[in-house]
file final_2.cif (mmCIF, C-alpha atoms and all ligand atoms)
data_upload
#
loop_
_atom_site.label_atom_id
_atom_site.label_comp_id
_atom_site.auth_asym_id
_atom_site.auth_seq_id
_atom_site.Cartn_x
_atom_site.Cartn_y
_atom_site.Cartn_z
CA MET A 1097 120.50 118.77 176.17
CA LEU A 1098 119.92 118.28 172.43
CA ASP A 1099 122.52 119.57 169.98
CA CYS A 1100 119.67 120.55 167.73
CA ALA A 1101 115.87 120.47 167.89
CA ILE A 1102 114.20 120.35 164.48
CA ILE A 1103 110.55 121.33 164.45
CA GLY A 1104 108.51 120.04 161.50
CA GLY A 1105 109.16 116.90 159.48
CA GLY A 1106 108.52 117.99 155.89
CA PRO A 1107 111.25 118.09 153.23
CA ALA A 1108 113.07 120.95 155.05
CA GLY A 1109 113.04 119.29 158.48
CA LEU A 1110 113.94 115.81 157.22
CA THR A 1111 116.86 117.15 155.19
CA ALA A 1112 118.05 119.21 158.16
CA GLY A 1113 117.98 115.97 160.18
CA LEU A 1114 120.00 114.11 157.55
CA TYR A 1115 122.69 116.81 157.33
CA THR A 1116 123.04 117.46 161.09
CA THR A 1117 123.40 113.77 161.99
CA ARG A 1118 125.51 112.78 159.01
CA GLY A 1119 127.64 115.87 159.77
CA GLY A 1120 128.51 114.45 163.19
CA LEU A 1121 125.92 115.81 165.64
CA LYS A 1122 124.97 112.99 168.02
CA ASN A 1123 121.89 114.31 169.69
CA VAL A 1124 119.32 115.61 167.23
CA THR A 1125 115.54 115.18 167.54
CA LEU A 1126 112.90 115.91 164.92
CA PHE A 1127 109.60 116.95 166.47
CA GLU A 1128 106.80 116.25 164.00
CA MET A 1129 103.18 116.22 165.10
CA GLY A 1130 102.15 113.70 162.43
CA MET A 1131 103.97 111.25 160.23
CA PRO A 1132 107.09 112.82 158.66
CA GLY A 1133 106.72 113.84 155.01
CA GLY A 1134 104.99 117.23 155.07
CA GLN A 1135 102.51 118.73 152.60
CA ILE A 1136 103.88 116.97 149.55
CA THR A 1137 102.35 113.72 150.82
CA GLN A 1138 98.98 115.22 149.71
CA SER A 1139 100.17 115.42 146.11
CA SER A 1140 98.87 112.89 143.60
CA GLU A 1141 101.93 113.26 141.35
CA ILE A 1142 105.33 114.92 141.56
CA GLU A 1143 107.49 115.35 138.47
CA ASN A 1144 109.69 118.39 139.17
CA TYR A 1145 112.16 116.98 141.70
CA PRO A 1146 115.46 116.49 139.80
CA GLY A 1147 116.61 112.89 139.58
CA PHE A 1148 113.13 111.55 140.24
CA PHE A 1149 111.31 111.02 136.98
CA GLU A 1150 108.85 108.23 137.46
CA HIS A 1151 105.42 109.19 136.19
CA HIS A 1152 102.38 108.74 138.41
CA LYS A 1153 104.32 108.50 141.67
CA THR A 1154 102.38 110.11 144.47
CA GLY A 1155 103.92 112.51 146.98
CA MET A 1156 103.48 109.81 149.62
CA ASP A 1157 105.56 107.28 147.61
CA PHE A 1158 108.12 110.00 146.94
CA MET A 1159 108.64 110.77 150.65
CA ASP A 1160 108.88 107.12 151.71
CA THR A 1161 112.55 106.80 150.85
CA TRP A 1162 113.35 110.16 152.45
CA GLN A 1163 112.32 108.85 155.85
CA GLU A 1164 114.50 105.77 155.60
CA GLN A 1165 117.54 107.81 154.49
CA CYS A 1166 117.05 110.74 156.85
CA PHE A 1167 116.73 108.53 159.95
CA HIS A 1168 119.62 106.24 158.92
CA PHE A 1169 122.34 108.39 160.56
CA GLY A 1170 120.84 108.63 164.03
CA LEU A 1171 118.13 111.28 163.82
CA LYS A 1172 115.51 110.67 166.52
CA HIS A 1173 111.81 111.33 165.96
CA GLU A 1174 109.24 112.39 168.53
CA MET A 1175 105.70 112.44 167.25
CA LYS A 1176 104.76 115.52 169.27
CA LYS A 1177 103.31 118.90 168.53
CA VAL A 1178 105.59 121.75 169.56
CA GLU A 1179 103.79 124.61 171.30
CA ARG A 1180 106.64 127.08 171.64
CA VAL A 1181 110.33 127.70 171.02
CA ALA A 1182 111.95 130.13 173.49
CA LYS A 1183 115.51 131.30 173.99
CA THR A 1184 116.50 130.94 177.63
CA GLY A 1185 120.03 132.31 178.15
CA GLU A 1186 122.37 130.62 175.68
CA HIS A 1187 119.97 127.74 174.94
CA PHE A 1188 116.50 127.03 173.64
CA THR A 1189 113.53 125.59 175.48
CA ILE A 1190 111.16 123.61 173.29
CA THR A 1191 107.73 123.30 174.92
CA LEU A 1192 105.74 120.30 173.75
CA GLU A 1193 101.99 119.79 173.79
CA GLY A 1194 101.16 118.69 177.31
CA GLY A 1195 103.77 121.01 178.86
CA GLU A 1196 106.98 118.95 178.72
CA ASN A 1197 110.12 121.06 178.12
CA VAL A 1198 113.18 119.95 176.13
CA GLU A 1199 116.45 121.92 176.12
CA ALA A 1200 118.50 122.35 172.93
CA LYS A 1201 121.65 124.23 171.93
CA THR A 1202 120.14 125.18 168.56
CA ALA A 1203 116.77 125.00 166.82
CA ILE A 1204 115.71 124.75 163.18
CA VAL A 1205 112.04 125.61 162.66
CA CYS A 1206 110.47 124.14 159.50
CA THR A 1207 106.74 124.13 160.18
CA GLY A 1208 105.72 125.16 156.65
CA SER A 1209 102.67 127.07 155.54
CA THR A 1210 99.14 126.08 154.60
CA PRO A 1211 97.31 127.37 151.52
CA LYS A 1212 93.85 128.66 152.46
CA ARG A 1213 90.75 127.06 150.98
CA ALA A 1214 88.10 129.30 149.41
CA GLY A 1215 85.13 127.26 150.60
CA PHE A 1216 83.12 126.52 147.40
CA LYS A 1217 81.31 123.22 146.81
CA GLY A 1218 83.55 120.41 145.58
CA GLU A 1219 86.84 122.15 146.53
CA ASP A 1220 87.92 119.48 149.00
CA GLU A 1221 86.52 116.59 146.94
CA PHE A 1222 88.55 117.58 143.86
CA PHE A 1223 91.66 118.82 145.68
CA GLY A 1224 94.62 117.09 144.00
CA ARG A 1225 92.32 115.89 141.16
CA GLY A 1226 92.04 119.14 139.24
CA VAL A 1227 91.96 121.66 142.07
CA SER A 1228 95.46 122.84 142.96
CA THR A 1229 97.17 125.53 145.03
CA CYS A 1230 100.50 125.34 143.21
CA ALA A 1231 101.03 126.47 139.60
CA THR A 1232 104.73 125.54 139.55
CA CYS A 1233 103.84 122.03 140.69
CA ASP A 1234 100.78 121.30 138.57
CA GLY A 1235 100.66 123.84 135.70
CA PHE A 1236 102.44 121.54 133.29
CA PHE A 1237 99.69 118.91 133.66
CA TYR A 1238 97.46 121.39 131.75
CA LYS A 1239 99.84 122.20 128.92
CA ASP A 1240 97.88 123.73 125.99
CA LYS A 1241 94.62 123.37 127.91
CA PRO A 1242 92.44 126.10 129.49
CA VAL A 1243 92.55 126.61 133.26
CA ALA A 1244 90.93 128.93 135.81
CA VAL A 1245 92.60 130.85 138.63
CA LEU A 1246 90.69 132.08 141.68
CA GLY A 1247 91.84 135.20 143.56
CA GLY A 1248 92.76 138.82 142.98
CA GLY A 1249 95.97 139.20 145.01
CA ASP A 1250 99.61 139.25 143.91
CA THR A 1251 99.93 135.48 144.13
CA ALA A 1252 96.86 134.82 141.95
CA LEU A 1253 97.91 137.26 139.25
CA GLU A 1254 101.59 136.28 139.23
CA GLU A 1255 100.65 132.59 139.04
CA ALA A 1256 98.09 133.36 136.31
CA HIS A 1257 100.90 134.96 134.33
CA TYR A 1258 103.11 131.90 134.87
CA LEU A 1259 100.27 129.60 133.74
CA SER A 1260 99.59 131.72 130.65
CA ASN A 1261 102.97 130.61 129.26
CA ILE A 1262 101.97 126.94 129.55
CA CYS A 1263 98.19 126.77 129.17
CA SER A 1264 96.05 127.78 126.18
CA ASP A 1265 93.82 130.19 128.17
CA VAL A 1266 93.74 131.36 131.78
CA TYR A 1267 90.45 132.61 133.26
CA VAL A 1268 91.08 134.72 136.38
CA ILE A 1269 87.98 134.74 138.58
CA HIS A 1270 87.83 137.45 141.23
CA ARG A 1271 85.00 138.38 143.59
CA ARG A 1272 85.46 142.16 143.21
CA ASP A 1273 86.06 144.49 140.22
CA THR A 1274 89.34 145.88 141.61
CA PHE A 1275 92.42 143.87 142.37
CA ARG A 1276 94.42 143.69 145.56
CA ALA A 1277 97.56 142.92 143.52
CA ALA A 1278 100.10 145.63 142.66
CA PRO A 1279 98.90 147.89 139.79
CA SER A 1280 101.96 146.98 137.70
CA THR A 1281 101.07 143.29 137.98
CA VAL A 1282 97.45 143.99 136.98
CA ASP A 1283 98.71 145.92 133.92
CA ARG A 1284 101.03 143.06 132.97
CA ILE A 1285 98.12 140.59 133.22
CA LYS A 1286 95.86 142.79 131.09
CA ARG A 1287 98.48 142.80 128.32
CA LYS A 1288 98.46 138.99 128.00
CA GLU A 1289 96.06 137.96 125.25
CA ASN A 1290 95.30 134.53 126.65
CA ILE A 1291 94.41 135.78 130.16
CA HIS A 1292 90.72 136.61 130.59
CA LEU A 1293 89.52 138.51 133.66
CA ILE A 1294 86.13 137.54 135.09
CA THR A 1295 85.39 140.01 137.89
CA ASP A 1296 82.55 140.50 140.40
CA THR A 1297 82.16 136.75 140.20
CA VAL A 1298 82.45 133.86 142.64
CA ILE A 1299 82.83 130.12 142.15
CA GLU A 1300 79.77 128.33 143.44
CA GLU A 1301 80.93 124.83 142.62
CA VAL A 1302 83.65 122.81 140.93
CA PHE A 1303 82.34 119.70 139.23
CA GLY A 1304 83.66 116.67 137.42
CA ASP A 1305 83.77 112.90 137.64
CA ALA A 1306 86.08 110.09 138.69
CA MET A 1307 88.68 111.31 136.17
CA GLY A 1308 88.84 114.76 137.78
CA VAL A 1309 87.55 118.30 137.23
CA SER A 1310 85.57 119.18 134.12
CA GLY A 1311 84.35 122.68 134.99
CA VAL A 1312 83.22 125.35 137.43
CA LYS A 1313 79.84 126.95 138.07
CA LEU A 1314 80.16 130.75 138.34
CA LYS A 1315 77.79 133.36 139.75
CA ASN A 1316 78.23 137.08 139.15
CA LYS A 1317 77.13 140.03 141.28
CA ALA A 1318 73.88 140.36 139.32
CA GLY A 1319 73.00 136.76 140.20
CA LYS A 1320 73.65 135.37 136.68
CA THR A 1321 75.15 131.89 136.65
CA GLU A 1322 77.26 130.23 133.95
CA GLU A 1323 79.48 127.21 133.54
CA LEU A 1324 83.10 127.32 132.43
CA ASN A 1325 84.55 124.08 131.09
CA ILE A 1326 88.13 123.70 132.32
CA PRO A 1327 90.10 120.64 133.53
CA GLY A 1328 92.18 122.58 136.09
CA LEU A 1329 91.41 125.18 138.76
CA PHE A 1330 94.11 126.98 140.75
CA VAL A 1331 93.06 128.55 144.05
CA PHE A 1332 95.20 131.42 145.41
CA VAL A 1333 93.27 133.02 148.25
CA GLY A 1334 96.17 133.44 150.69
CA HIS A 1335 98.39 131.31 152.93
CA ASP A 1336 98.55 130.71 156.67
CA VAL A 1337 102.20 130.54 157.73
CA ASN A 1338 102.58 127.99 160.52
CA ASN A 1339 104.51 130.38 162.74
CA ALA A 1340 102.72 129.93 166.09
CA VAL A 1341 105.71 128.11 167.66
CA LEU A 1342 107.73 131.32 167.31
CA LYS A 1343 105.40 133.37 169.52
CA ASP A 1344 106.13 133.99 173.19
CA GLU A 1345 103.52 133.76 175.95
CA LYS A 1346 102.37 137.32 175.23
CA GLY A 1347 101.87 136.52 171.53
CA ASN A 1348 104.96 138.42 170.30
CA PHE A 1349 107.30 136.82 167.79
CA ILE A 1350 110.73 135.95 169.21
CA CYS A 1351 112.53 136.67 165.92
CA GLY A 1352 112.17 139.06 162.98
CA MET A 1353 109.14 138.43 160.75
CA ASN A 1354 107.77 140.28 157.71
CA ASP A 1355 104.26 141.72 157.43
CA TRP A 1356 102.88 138.44 156.10
CA GLY A 1357 104.12 136.37 159.03
CA GLN A 1358 107.05 134.81 157.20
CA VAL A 1359 110.34 134.39 159.07
CA ILE A 1360 113.10 136.77 157.98
CA VAL A 1361 116.26 134.76 157.30
CA ASP A 1362 119.56 135.46 155.57
CA LEU A 1363 121.04 133.23 152.88
CA SER A 1364 122.30 130.88 155.62
CA MET A 1365 118.76 130.48 157.03
CA ARG A 1366 119.81 132.41 160.17
CA THR A 1367 117.01 134.30 161.91
CA SER A 1368 117.57 137.43 163.99
CA VAL A 1369 118.14 135.18 167.08
CA PRO A 1370 121.60 133.51 167.27
CA GLY A 1371 121.28 129.71 167.13
CA LEU A 1372 117.72 129.84 165.72
CA PHE A 1373 117.24 128.93 162.05
CA ALA A 1374 114.14 128.71 159.83
CA ALA A 1375 113.83 126.74 156.60
CA GLY A 1376 111.34 125.85 153.88
CA ASP A 1377 107.92 127.31 153.05
CA MET A 1378 107.72 129.45 156.21
CA ARG A 1379 110.65 131.72 155.34
CA ILE A 1380 110.61 134.95 153.34
CA GLU A 1381 110.73 134.63 149.55
CA ALA A 1382 110.09 130.87 149.73
CA PRO A 1383 109.35 129.46 146.24
CA LYS A 1384 107.31 126.73 148.01
CA GLN A 1385 108.94 123.80 146.29
CA VAL A 1386 110.31 120.55 147.72
CA VAL A 1387 113.71 121.00 146.12
CA VAL A 1388 114.10 124.44 147.72
CA ALA A 1389 112.81 123.34 151.14
CA ALA A 1390 115.33 120.49 151.11
CA GLY A 1391 118.13 122.90 150.14
CA ASP A 1392 117.12 125.24 152.96
CA GLY A 1393 117.17 122.37 155.45
CA ALA A 1394 120.69 121.37 154.36
CA THR A 1395 121.89 124.99 154.55
CA ALA A 1396 120.48 125.46 158.06
CA ALA A 1397 122.00 122.16 159.23
CA LEU A 1398 125.49 123.10 158.03
CA GLN A 1399 125.15 126.45 159.84
CA VAL A 1400 124.06 124.66 163.02
CA ILE A 1401 127.20 122.50 162.92
CA SER A 1402 129.41 125.62 162.52
CA TYR A 1403 127.49 127.46 165.25
CA ILE A 1404 127.99 124.66 167.76
CA GLN A 1405 131.71 124.38 166.91
CA GLU A 1406 132.12 128.15 167.43
CA GLN A 1407 130.49 127.93 170.88
CA VAL A 1408 133.06 125.37 172.21
P1 LIG B 1 105.87 121.24 155.03
O1 LIG B 1 105.98 120.23 153.95
O2 LIG B 1 104.62 122.04 155.13
O3 LIG B 1 106.13 120.48 156.40
C1 LIG B 1 105.90 121.11 157.63
C2 LIG B 1 105.70 120.03 158.67
O4 LIG B 1 105.68 120.64 159.96
C3 LIG B 1 104.38 119.27 158.53
O5 LIG B 1 104.65 117.89 158.42
C4 LIG B 1 103.62 119.61 159.80
O6 LIG B 1 102.87 118.50 160.30
C5 LIG B 1 104.75 119.98 160.77
N1 LIG B 1 104.34 120.89 161.81
C6 LIG B 1 103.69 122.08 161.66
N2 LIG B 1 103.51 122.66 162.86
C7 LIG B 1 104.07 121.84 163.79
C8 LIG B 1 104.20 121.89 165.21
N3 LIG B 1 103.72 122.92 165.90
N4 LIG B 1 104.82 120.87 165.85
C9 LIG B 1 105.30 119.80 165.13
N5 LIG B 1 105.19 119.69 163.80
C10 LIG B 1 104.59 120.70 163.13
N6 LIG B 1 106.35 121.04 145.59
C11 LIG B 1 107.12 120.62 144.55
O7 LIG B 1 108.32 120.90 144.52
N7 LIG B 1 106.57 119.86 143.55
C12 LIG B 1 105.27 119.47 143.53
O8 LIG B 1 104.81 118.80 142.61
C13 LIG B 1 104.45 119.89 144.63
N8 LIG B 1 103.15 119.55 144.67
C14 LIG B 1 102.40 119.89 145.75
C15 LIG B 1 101.08 119.43 145.82
C16 LIG B 1 100.31 119.71 146.93
C17 LIG B 1 98.92 119.16 147.00
C18 LIG B 1 100.84 120.54 147.98
C19 LIG B 1 100.00 120.86 149.19
C20 LIG B 1 102.14 121.01 147.90
C21 LIG B 1 102.95 120.70 146.79
N9 LIG B 1 104.25 121.14 146.69
C22 LIG B 1 105.04 120.70 145.66
C23 LIG B 1 104.84 122.09 147.67
C24 LIG B 1 105.70 121.32 148.70
O9 LIG B 1 104.93 120.29 149.27
C25 LIG B 1 106.19 122.28 149.78
O10 LIG B 1 106.91 123.35 149.19
C26 LIG B 1 107.10 121.57 150.77
O11 LIG B 1 106.46 120.46 151.35
C27 LIG B 1 107.52 122.51 151.89
O12 LIG B 1 108.30 121.81 152.80
P2 LIG B 1 108.49 122.29 154.32
O13 LIG B 1 109.35 121.26 154.94
O14 LIG B 1 108.91 123.71 154.33
O15 LIG B 1 107.04 122.31 154.97
P1 LIG B 2 96.04 138.11 149.48
O1 LIG B 2 96.76 139.37 149.16
O2 LIG B 2 95.42 137.97 150.82
O3 LIG B 2 94.92 137.93 148.34
C1 LIG B 2 94.00 136.92 148.44
C2 LIG B 2 92.99 137.12 147.31
O4 LIG B 2 92.04 136.06 147.39
C3 LIG B 2 92.21 138.44 147.41
O5 LIG B 2 92.03 138.98 146.14
C4 LIG B 2 90.89 138.02 148.03
O6 LIG B 2 89.81 138.81 147.56
C5 LIG B 2 90.73 136.62 147.48
N1 LIG B 2 89.98 135.75 148.39
C6 LIG B 2 90.20 135.52 149.71
N2 LIG B 2 89.33 134.63 150.19
C7 LIG B 2 88.53 134.29 149.15
C8 LIG B 2 87.43 133.39 149.00
N3 LIG B 2 86.99 132.65 150.04
N4 LIG B 2 86.84 133.28 147.79
C9 LIG B 2 87.28 134.01 146.73
N5 LIG B 2 88.32 134.86 146.80
C10 LIG B 2 88.94 134.99 148.00
O7 LIG B 2 96.98 136.81 149.30
P2 LIG B 2 98.25 136.58 148.33
O8 LIG B 2 97.94 137.00 146.96
O9 LIG B 2 98.68 135.17 148.57
O10 LIG B 2 99.35 137.56 148.94
C11 LIG B 2 99.73 137.48 150.33
C12 LIG B 2 100.72 138.61 150.61
O11 LIG B 2 101.91 138.34 149.90
C13 LIG B 2 100.19 139.95 150.10
O12 LIG B 2 100.51 140.96 150.99
C14 LIG B 2 100.90 140.13 148.78
O13 LIG B 2 101.10 141.48 148.42
C15 LIG B 2 102.21 139.43 149.06
N6 LIG B 2 102.81 138.95 147.81
C16 LIG B 2 103.67 139.78 147.19
C17 LIG B 2 104.24 139.40 145.99
C18 LIG B 2 105.17 140.35 145.33
O14 LIG B 2 105.40 141.40 145.88
N7 LIG B 2 105.72 140.02 144.18
C19 LIG B 2 103.92 138.17 145.40
C20 LIG B 2 103.00 137.33 146.06
C21 LIG B 2 102.44 137.73 147.27
P3 LIG B 2 89.64 140.32 148.04
O15 LIG B 2 90.68 141.11 147.29
O16 LIG B 2 88.24 140.66 147.64
O17 LIG B 2 89.86 140.32 149.53
#
call {"tool": "encode", "arguments": {"input": "final_2.cif", "output": "structure tokens"}}
result
Amino acid sequence: MLDCAIIGGGPAGLTAGLYTTRGGLKNVTLFEMGMPGGQITQSSEIENYPGFFEHHKTGMDFMDTWQEQCFHFGLKHEMKKVERVAKTGEHFTITLEGGENVEAKTAIVCTGSTPKRAGFKGEDEFFGRGVSTCATCDGFFYKDKPVAVLGGGDTALEEAHYLSNICSDVYVIHRRDTFRAAPSTVDRIKRKENIHLITDTVIEEVFGDAMGVSGVKLKNKAGKTEELNIPGLFVFVGHDVNNAVLKDEKGNFICGMNDWGQVIVDLSMRTSVPGLFAAGDMRIEAPKQVVVAAGDGATAALQVISYIQEQV
């Protein structure tokens, strides 16, 4: 029986592993379906993690030292996909791909979320080289330069507002002429002089060269095409929360979730199920930043240690 099963090996899961094992738990396994590191390994540069201020370090380089440190205190790693987490009596059953079951006293789920892609030409080719899904992460790279934002939901408009304080101009491109975002947010956006709304318009293509993005090709409802020269494009067309492991065999969630599929946790990362914790990008109100995911993982780990002590 594991003291703790950690599902997902991004910043939240790795930090949870560090804090549980260094805090004295002997039997902790991190289940990660790929190499540990998480989404940040896709990033070409990270410069907002405090204490780490080397320019042009990729997310992959950044996470290298995490692995060494997080496994140093006895955390075990199984490179397996988890299918399901279920509470069976006092304990948890972790079902792995292939059907094997592992029992654990506690579980911390940190499977993250995945930004959706919009599907225009060049989106994948230029992802991380001018196309981004994170304004907090990459906005500063376009300080005093014009950028475009794709999407008409709350995320797109709130991030456009954030970018408008850094960038010279923000062009919001939306496929309809009404916005899905809250009316108060739309009003706030309309009051910003350097935000320009381009509605009834889709992105056909993002183009550039080896240095990165130089512009987007737009097409409006009437079929008119035009080019917009910008070095950065932010795509906010929704997120898929990786919450499948928290569904039972009938497809119902085993713990409280909000309408967007994010796990409801309290400030201690406790879910509605005793002994089950969630951390990082998959939880409610997640700012989707490495520093926060790591903090969540540490918080959940400390709660796991207390929970196990209380059960004795
Ligand atoms: P993730 O990093 O998403 O990790 C989840 C892990 O769970 C993954 O490794 C996945 O393989 C694993 N997993 C999922 N399902 C299963 C399963 N069923 N079984 C086993 N394993 C599973 N943040 C910043 O602070 N600064 C930045 O500059 C920055 N830049 C970014 C650039 C890019 C391109 C991207 C994509 C993100 C960036 N972020 C940045 C955001 C940051 O990466 C995330 O906020 C952070 O990684 C979230 O950590 P997490 O541990 O919650 O989840
Ligand atoms: P969302 O509400 O699903 O909006 C996605 C936007 O992207 C929509 O405007 C959609 O257009 C557009 N879109 C989708 N696919 C596209 C494509 N392939 N090409 C071009 N455009 C595309 O996603 P979200 O903004 O991330 O919000 C998710 C949930 O979180 C929402 O319920 C939102 O209210 C909530 N949220 C709340 C807050 C807040 O309350 N402060 C902040 C952020 C998010 P259409 O409108 O035409 O479908």
call {"tool": "closest_atom_pairs", "arguments": {"input": "final_2.cif", "of": "chain A", "to": "ligand LIG 2 (chain B)", "cutoff": "6 Å", "atoms": "only C-alpha atoms and all ligand atoms", "output": "Markdown table"}}
result
| residue | atom | partner | partner_atom | distance |
| --- | --- | --- | --- | --- |
| A:Ala1214 | CA | B:LIG2 | N3 | 3.6 |
| A:Gly1215 | CA | B:LIG2 | N3 | 5.7 |
| A:Gly1247 | CA | B:LIG2 | O4 | 3.9 |
| A:Gly1248 | CA | B:LIG2 | O5 | 3.2 |
| A:Gly1249 | CA | B:LIG2 | O8 | 3.5 |
| A:Asp1250 | CA | B:LIG2 | O8 | 4.1 |
| A:Thr1251 | CA | B:LIG2 | O8 | 3.8 |
| A:Ala1252 | CA | B:LIG2 | O8 | 5.6 |
| A:Arg1271 | CA | B:LIG2 | O16 | 5.7 |
| A:Arg1272 | CA | B:LIG2 | O16 | 5.4 |
| A:Phe1275 | CA | B:LIG2 | O15 | 5.9 |
| A:Arg1276 | CA | B:LIG2 | O15 | 4.9 |
| A:Phe1332 | CA | B:LIG2 | O4 | 6.0 |
| A:Val1333 | CA | B:LIG2 | O4 | 3.4 |
| A:Gly1334 | CA | B:LIG2 | O9 | 3.7 |
| A:His1335 | CA | B:LIG2 | O9 | 5.8 |
| A:Trp1356 | CA | B:LIG2 | C12 | 5.9 |
call {"tool": "residues_around", "arguments": {"input": "final_2.cif", "residues": "A:Tyr1145", "least_positions_apart": "4", "cutoff": "12 Å", "atoms": "all atoms listed in the file", "output": "ChimeraX atom specification"}}
result
/A:1107,1136,1141,1149-1151,1153,1155,1158-1159,1232-1233,1385-1391
call {"tool": "residues_near_ligand", "arguments": {"input": "final_2.cif", "ligand": "ligand LIG 1 (chain B)", "cutoff": "7 Å", "atoms": "all atoms listed in the file", "output": "PyMOL selection string"}}
result
chain A and resi 1103-1109+1127-1136+1138-1139+1141-1145+1176-1179+1206-1210+1224+1228-1230+1233-1234+1338+1341+1375-1378+1384-1387+1389
call {"tool": "atom_distance", "arguments": {"input": "final_2.cif", "atom1": "atom CA of A:Thr1154", "atom2": "atom CA of A:Arg1225"}}
result
12.1 Å
call {"tool": "axis_aligned_box", "arguments": {"input": "final_2.cif", "around": "stretch 1122-1136 of chain A", "padding_each_side": "6 Å", "output": "JSON"}}
result
{"center_x": 113.6, "center_y": 115.0, "center_z": 159.6, "size_x": 34.8, "size_y": 19.5, "size_z": 32.1}
call {"tool": "decode", "arguments": {"input": "final_2.cif", "residues": "stretch 1355-1360 of chain A", "atoms": "all heavy atoms", "output": "short mmCIF file (atom, residue, chain, number, x, y, z; two decimals), in the first residue's frame"}}
result
data_model
loop_
_atom_site.label_atom_id
_atom_site.label_comp_id
_atom_site.auth_asym_id
_atom_site.auth_seq_id
_atom_site.Cartn_x
_atom_site.Cartn_y
_atom_site.Cartn_z
N ASP A 1355 -18.40 24.01 -13.26
CA ASP A 1355 -19.04 23.81 -14.57
C ASP A 1355 -18.02 23.66 -15.70
O ASP A 1355 -18.35 23.20 -16.79
CB ASP A 1355 -19.94 25.02 -14.92
CG ASP A 1355 -21.16 25.06 -14.04
OD1 ASP A 1355 -21.45 24.05 -13.38
OD2 ASP A 1355 -21.82 26.12 -13.99
N TRP A 1356 -16.81 24.09 -15.48
CA TRP A 1356 -15.79 24.03 -16.54
C TRP A 1356 -14.87 22.82 -16.38
O TRP A 1356 -13.79 22.76 -17.00
CB TRP A 1356 -14.98 25.33 -16.56
CG TRP A 1356 -15.89 26.52 -16.63
CD1 TRP A 1356 -16.98 26.66 -17.46
CD2 TRP A 1356 -15.84 27.70 -15.84
NE1 TRP A 1356 -17.59 27.86 -17.23
CE2 TRP A 1356 -16.91 28.54 -16.24
CE3 TRP A 1356 -14.99 28.15 -14.83
CZ2 TRP A 1356 -17.16 29.76 -15.67
CZ3 TRP A 1356 -15.24 29.39 -14.26
CH2 TRP A 1356 -16.32 30.18 -14.68
N GLY A 1357 -15.24 21.91 -15.48
CA GLY A 1357 -14.47 20.68 -15.33
C GLY A 1357 -13.21 20.83 -14.49
O GLY A 1357 -12.33 19.97 -14.52
N GLN A 1358 -13.13 21.94 -13.74
CA GLN A 1358 -11.97 22.12 -12.85
C GLN A 1358 -12.32 21.56 -11.47
O GLN A 1358 -13.48 21.65 -11.03
CB GLN A 1358 -11.63 23.61 -12.74
CG GLN A 1358 -11.25 24.23 -14.07
CD GLN A 1358 -11.45 25.74 -14.10
OE1 GLN A 1358 -12.28 26.30 -13.37
NE2 GLN A 1358 -10.71 26.41 -14.95
N VAL A 1359 -11.31 21.03 -10.78
CA VAL A 1359 -11.56 20.39 -9.48
C VAL A 1359 -11.73 21.47 -8.41
O VAL A 1359 -10.89 22.38 -8.29
CB VAL A 1359 -10.38 19.48 -9.08
CG1 VAL A 1359 -10.72 18.71 -7.80
CG2 VAL A 1359 -10.02 18.52 -10.20
N ILE A 1360 -12.80 21.34 -7.64
CA ILE A 1360 -13.02 22.30 -6.54
C ILE A 1360 -12.15 21.87 -5.36
O ILE A 1360 -12.24 20.73 -4.88
CB ILE A 1360 -14.51 22.32 -6.14
CG1 ILE A 1360 -15.36 22.81 -7.33
CG2 ILE A 1360 -14.73 23.21 -4.91
CD1 ILE A 1360 -16.86 22.71 -7.12
#
